[in-house]
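Trainee: Before I ask anything, let me first share the structure, which is written out below as structure tokens.
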Amino acid sequence: MKTSTWIGGFLGWIVLGPIGAAIGAWIGSMIGEDDNNGSFSGNNAYSTIGGPAEEGNRNSFLMSMLVLASYIIKADGRIMHSEMELVRQWLRANFGEVAVQQGDQILRRLFEASKLQGEARYRQNIKDACLQISMNMDYSERLQLLGFLVMIAQADGVVDATEVAALKEVAEWMQVSADEIDTMLNLGHDDLESAYKVLGVSPEATDDDLRRAYRRLALEHHPDRVAALGEDVRRAAEKKFQEINDAKERIWKARGL
């Protein structure tokens, strides 16, 4: 798949305005140079440059990740090498070195846009982009997108309060419960307290409450629900699903269920 395909896939429905202006014209010219045979039409997330609906869905997911990553990476006022490198590694593994270069350029263009527009205007544009995402991705896909943003925030080993606040803002703007961020931040820990936070319940919750909470998470985070986004996204979902099950098993064992 040409790298211009996934870059172009998002541009059919990204919110018009400064973010669209900041990356749209520049990426459009880059697409023209990279793929003279490519063409883009349509205004929904399932449009694609010369590919099936599933590819358009994946393209939009990847471009959405880059746009929102720009907000999370700079949330604490610093652009950390470790966070940028995590994005590069993901692009390199799935799309090759050219995609890494283009992804870097897109992120840097977005960082420049935030300075030119001012934080308030840039924040509003990210909010508007999240609204577009919420209208074009189902809930499980938005959860997986948030999962990648949490991984980016964790890349430097510390998720500070400003990053947590930014993650919860993005979640709410995409019509996802902000509590999902607490679930994701506690995945992979092996203590009982974190396990309860993964399920989003208190240690005083009844067994029935626990079962309901687990069933909800299992349904929302099941890897089959994001299979159309590609094998790499599905593998990430499988890892997260296993970590949810691990948390559930720790609680069940502690309660003798």
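Convention: chains lettered A, B, ... in structure tokens order; per-chain residue numbering from 1; ligands numbered from 1 as shown.
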Using only C-alpha atoms, which protein or nucleic acid residues come within 9 Å of Ser134 of chain A? Drop anything in the same chain fewer than 6 positions from it, and give the result as a tab-separated table (two decimals) with N, CA, C and O atoms, in the first residue's frame.

Mentor:
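And here is the file that came out, around-v3.tsv:
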chain	number	residue	atom	x	y	z
A	142	ARG	N	-12.66	3.66	18.48
A	142	ARG	CA	-12.22	4.84	19.24
A	142	ARG	C	-11.46	4.42	20.49
A	142	ARG	O	-10.48	5.07	20.88
A	173	TRP	N	-14.22	14.18	24.10
A	173	TRP	CA	-14.53	14.80	22.80
A	173	TRP	C	-14.91	13.75	21.76
A	173	TRP	O	-15.67	14.04	20.84
A	174	MET	N	-14.38	12.54	21.91
A	174	MET	CA	-14.72	11.46	20.97
A	174	MET	C	-15.92	10.65	21.46
A	174	MET	O	-16.21	9.58	20.93
A	175	GLN	N	-16.63	11.17	22.47
A	175	GLN	CA	-17.82	10.52	23.00
A	175	GLN	C	-17.50	9.15	23.62
A	175	GLN	O	-18.24	8.18	23.47
A	176	VAL	N	-16.36	9.07	24.30
A	176	VAL	CA	-15.94	7.88	25.04
A	176	VAL	C	-15.83	8.26	26.50
A	176	VAL	O	-15.37	9.37	26.83

Trainee: Would you please work out which residue, of A:Ala195, A:Leu62, A:Val233, A:Leu217, is nearest to Arg250 of chain A when using only C-alpha atoms?

Mentor: A:Ala195

Trainee: Would you list the contacts of segment 90-105 of chain A as a list of chain:residue names, taking every protein, DNA or RNA residue within 8 Å and counting only C-alpha atoms, but skipping same-chain residues closer than 2 positions in sequence?

Mentor: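 Listed by chain and then number, they are A:Met1, A:Thr3, A:Leu66, A:Leu86, A:Val87, A:Arg88, A:Leu107, A:Arg108, A:Arg109, A:Asp232.
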
Trainee: Write out as a PyMOL selection string each polymer residue whose atoms come within 8 Å of segment 146-157 of chain A, counting only C-alpha atoms; drop sequence neighbours fewer than 3 positions from it.

Mentor: chain A and resi 65+68-69+72-73+80+82-84+86-87+142-143+163+167+171+181+184-185

Trainee: Please report as a Markdown table every residue of segment 138-182 of chain A lying within 9 Å of segment 218-228 of chain A, along with the nearest atom pair and their distance in Å (one decimal), using only C-alpha atoms.

Mentor:
| residue | atom | partner | partner_atom | distance |
| --- | --- | --- | --- | --- |
| A:Tyr139 | CA | A:Glu220 | CA | 7.4 |
| A:Ser140 | CA | A:Glu220 | CA | 5.5 |
| A:Glu141 | CA | A:Val226 | CA | 5.9 |
| A:Leu143 | CA | A:His221 | CA | 7.4 |
| A:Gln144 | CA | A:Val226 | CA | 7.8 |

Trainee: Take the residues from that selection and put them in a file with N, CA, C and O atoms, as a compact mmCIF listing (two decimals), in the first residue's frame.

Mentor:
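Saved as out-v4.txt:
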# COMPACT_ATOMS: atom_id res chain seq x y z
N TYR A 139 -17.43 2.67 18.53
CA TYR A 139 -16.89 2.85 19.88
C TYR A 139 -15.61 2.05 20.10
O TYR A 139 -14.64 2.56 20.67
N SER A 140 -15.59 0.81 19.67
CA SER A 140 -14.41 -0.03 19.90
C SER A 140 -13.19 0.49 19.14
O SER A 140 -12.06 0.40 19.64
N GLU A 141 -13.39 1.04 17.96
CA GLU A 141 -12.28 1.62 17.21
C GLU A 141 -11.75 2.86 17.92
O GLU A 141 -10.54 3.08 17.99
N LEU A 143 -11.89 3.34 21.13
CA LEU A 143 -11.16 2.83 22.29
C LEU A 143 -9.75 2.42 21.91
O LEU A 143 -8.79 2.69 22.64
N GLN A 144 -9.60 1.76 20.76
CA GLN A 144 -8.27 1.33 20.34
C GLN A 144 -7.40 2.53 19.99
O GLN A 144 -6.21 2.54 20.28

Trainee: What does the distance between atom CA of Ala165 of chain A and atom CA of Ala205 of chain A come to in Å, to one decimal place?

Mentor: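 Between atom CA of Ala165 of chain A and atom CA of Ala205 of chain A the gap is 26.2 Å.
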
Trainee: From a backbone DSSP assignment, name each residue in segment 46-240 of chain A labelled alpha helix (DSSP H), as number ranges by chain.

Mentor: A: 53-73, 81-95, 97-117, 119-136, 139-154, 161-173, 179-185, 192-199, 207-220, 231-240

Trainee: Mind dumping the selected residues with C-alpha atoms as a short mmCIF file (atom, residue, chain, number, x, y, z; two decimals), in the first residue's frame?

Mentor:
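Final file, again-v5.cif:
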data_model
loop_
_atom_site.label_atom_id
_atom_site.label_comp_id
_atom_site.auth_asym_id
_atom_site.auth_seq_id
_atom_site.Cartn_x
_atom_site.Cartn_y
_atom_site.Cartn_z
CA ALA A 53 -13.67 0.26 2.43
CA GLU A 54 -11.54 -1.57 4.98
CA GLU A 55 -8.42 0.20 3.74
CA GLY A 56 -10.16 3.56 3.97
CA ASN A 57 -11.17 2.76 7.54
CA ARG A 58 -7.58 1.89 8.43
CA ASN A 59 -6.22 4.98 6.66
CA SER A 60 -8.52 7.21 8.67
CA PHE A 61 -7.55 5.46 11.91
CA LEU A 62 -3.84 6.02 11.27
CA MET A 63 -4.20 9.66 10.29
CA SER A 64 -6.45 10.26 13.30
CA MET A 65 -3.75 8.79 15.51
CA LEU A 66 -1.17 11.24 14.13
CA VAL A 67 -3.43 14.27 14.55
CA LEU A 68 -4.38 13.37 18.13
CA ALA A 69 -0.83 12.25 18.97
CA SER A 70 0.30 15.81 18.29
CA TYR A 71 -2.01 16.98 21.09
CA ILE A 72 -0.91 14.32 23.58
CA ILE A 73 2.82 14.61 22.84
CA HIS A 81 12.07 11.96 21.90
CA SER A 82 10.71 8.73 23.40
CA GLU A 83 7.14 9.65 22.46
CA MET A 84 8.09 10.62 18.93
CA GLU A 85 10.14 7.44 18.60
CA LEU A 86 7.19 5.25 19.59
CA VAL A 87 5.17 6.74 16.72
CA ARG A 88 8.11 6.25 14.35
CA GLN A 89 8.53 2.61 15.36
CA TRP A 90 4.88 1.89 14.72
CA LEU A 91 4.95 3.53 11.29
CA ARG A 92 8.23 1.85 10.38
CA ALA A 93 6.98 -1.61 11.34
CA ASN A 94 3.81 -1.32 9.29
CA PHE A 95 4.50 1.10 6.43
CA GLU A 97 10.79 4.27 6.22
CA VAL A 98 9.04 6.67 3.84
CA ALA A 99 5.98 6.63 6.09
CA VAL A 100 8.20 7.43 9.08
CA GLN A 101 9.55 10.51 7.31
CA GLN A 102 6.08 11.66 6.28
CA GLY A 103 4.64 11.00 9.73
CA ASP A 104 7.43 13.07 11.28
CA GLN A 105 6.71 15.92 8.89
CA ILE A 106 2.98 15.82 9.61
CA LEU A 107 3.56 15.92 13.38
CA ARG A 108 6.02 18.79 13.11
CA ARG A 109 3.61 20.69 10.88
CA LEU A 110 0.92 20.23 13.50
CA PHE A 111 3.26 21.43 16.26
CA GLU A 112 3.96 24.53 14.19
CA ALA A 113 0.23 25.06 13.65
CA SER A 114 -0.40 24.98 17.40
CA LYS A 115 2.13 27.80 17.89
CA LEU A 116 0.73 29.92 15.07
CA GLN A 117 -2.90 29.49 16.08
CA GLU A 119 -3.35 27.04 22.29
CA ALA A 120 -7.04 27.92 22.60
CA ARG A 121 -7.70 27.79 18.85
CA TYR A 122 -5.60 24.68 18.37
CA ARG A 123 -7.39 22.94 21.25
CA GLN A 124 -10.75 23.79 19.65
CA ASN A 125 -9.60 22.34 16.34
CA ILE A 126 -8.52 19.11 18.04
CA LYS A 127 -11.94 19.02 19.71
CA ASP A 128 -13.63 19.47 16.35
CA ALA A 129 -11.48 16.73 14.81
CA CYS A 130 -12.51 14.42 17.69
CA LEU A 131 -16.15 15.12 16.89
CA GLN A 132 -15.53 14.05 13.30
CA ILE A 133 -13.82 10.90 14.57
CA SER A 134 -16.76 10.11 16.86
CA MET A 135 -19.11 10.36 13.89
CA ASN A 136 -17.03 8.09 11.67
CA TYR A 139 -16.89 2.85 19.88
CA SER A 140 -14.41 -0.03 19.90
CA GLU A 141 -12.28 1.62 17.21
CA ARG A 142 -12.22 4.84 19.24
CA LEU A 143 -11.16 2.83 22.29
CA GLN A 144 -8.27 1.33 20.34
CA LEU A 145 -7.26 4.79 19.13
CA LEU A 146 -7.21 5.96 22.75
CA GLY A 147 -5.13 2.91 23.62
CA PHE A 148 -2.40 4.01 21.23
CA LEU A 149 -2.52 7.56 22.63
CA VAL A 150 -2.06 6.16 26.15
CA MET A 151 0.95 4.16 24.92
CA ILE A 152 2.45 7.36 23.50
CA ALA A 153 1.94 9.18 26.81
CA GLN A 154 3.60 6.27 28.65
CA ALA A 161 -1.37 15.06 35.39
CA THR A 162 -1.43 17.28 32.28
CA GLU A 163 -1.14 14.24 30.02
CA VAL A 164 -3.90 12.41 31.89
CA ALA A 165 -6.11 15.51 31.58
CA ALA A 166 -5.38 15.72 27.83
CA LEU A 167 -6.15 12.01 27.35
CA LYS A 168 -9.47 12.39 29.19
CA GLU A 169 -10.32 15.49 27.15
CA VAL A 170 -9.75 13.58 23.92
CA ALA A 171 -11.83 10.67 25.22
CA GLU A 172 -14.77 12.90 26.10
CA TRP A 173 -14.53 14.80 22.80
CA ASP A 179 -13.08 6.34 32.86
CA GLU A 180 -11.66 4.28 29.98
CA ILE A 181 -8.38 6.18 30.41
CA ASP A 182 -8.09 4.94 34.01
CA THR A 183 -8.67 1.40 32.75
CA MET A 184 -5.90 1.72 30.16
CA LEU A 185 -3.41 3.39 32.49
CA LEU A 192 -5.03 -6.07 43.10
CA GLU A 193 -5.69 -2.34 43.40
CA SER A 194 -4.82 -1.81 39.74
CA ALA A 195 -7.00 -4.77 38.77
CA TYR A 196 -10.05 -3.10 40.31
CA LYS A 197 -9.18 0.14 38.46
CA VAL A 198 -8.97 -1.79 35.19
CA LEU A 199 -12.53 -3.02 35.71
CA ASP A 207 -19.67 -9.91 42.72
CA ASP A 208 -22.55 -9.13 40.37
CA ASP A 209 -21.21 -5.61 39.81
CA LEU A 210 -17.82 -7.10 38.96
CA ARG A 211 -19.31 -9.52 36.46
CA ARG A 212 -21.27 -6.76 34.77
CA ALA A 213 -18.18 -4.53 34.57
CA TYR A 214 -16.09 -7.33 33.08
CA ARG A 215 -18.75 -8.26 30.51
CA ARG A 216 -18.94 -4.64 29.37
CA LEU A 217 -15.17 -4.34 28.98
CA ALA A 218 -14.90 -7.71 27.23
CA LEU A 219 -17.53 -6.67 24.71
CA GLU A 220 -16.08 -3.22 24.05
CA GLU A 231 -3.42 -7.06 11.80
CA ASP A 232 -1.16 -4.72 13.78
CA VAL A 233 -4.15 -2.98 15.37
CA ARG A 234 -5.78 -6.33 16.10
CA ARG A 235 -2.60 -7.59 17.80
CA ALA A 236 -2.56 -4.52 20.03
CA ALA A 237 -6.21 -5.15 20.87
CA GLU A 238 -5.46 -8.78 21.70
CA LYS A 239 -2.72 -7.70 24.13
CA LYS A 240 -5.07 -5.26 25.82
#

Trainee: So how many Å separate atom CA of Ala75 of chain A and atom CA of Gln242 of chain A, to one decimal?

Mentor: 29.2 Å
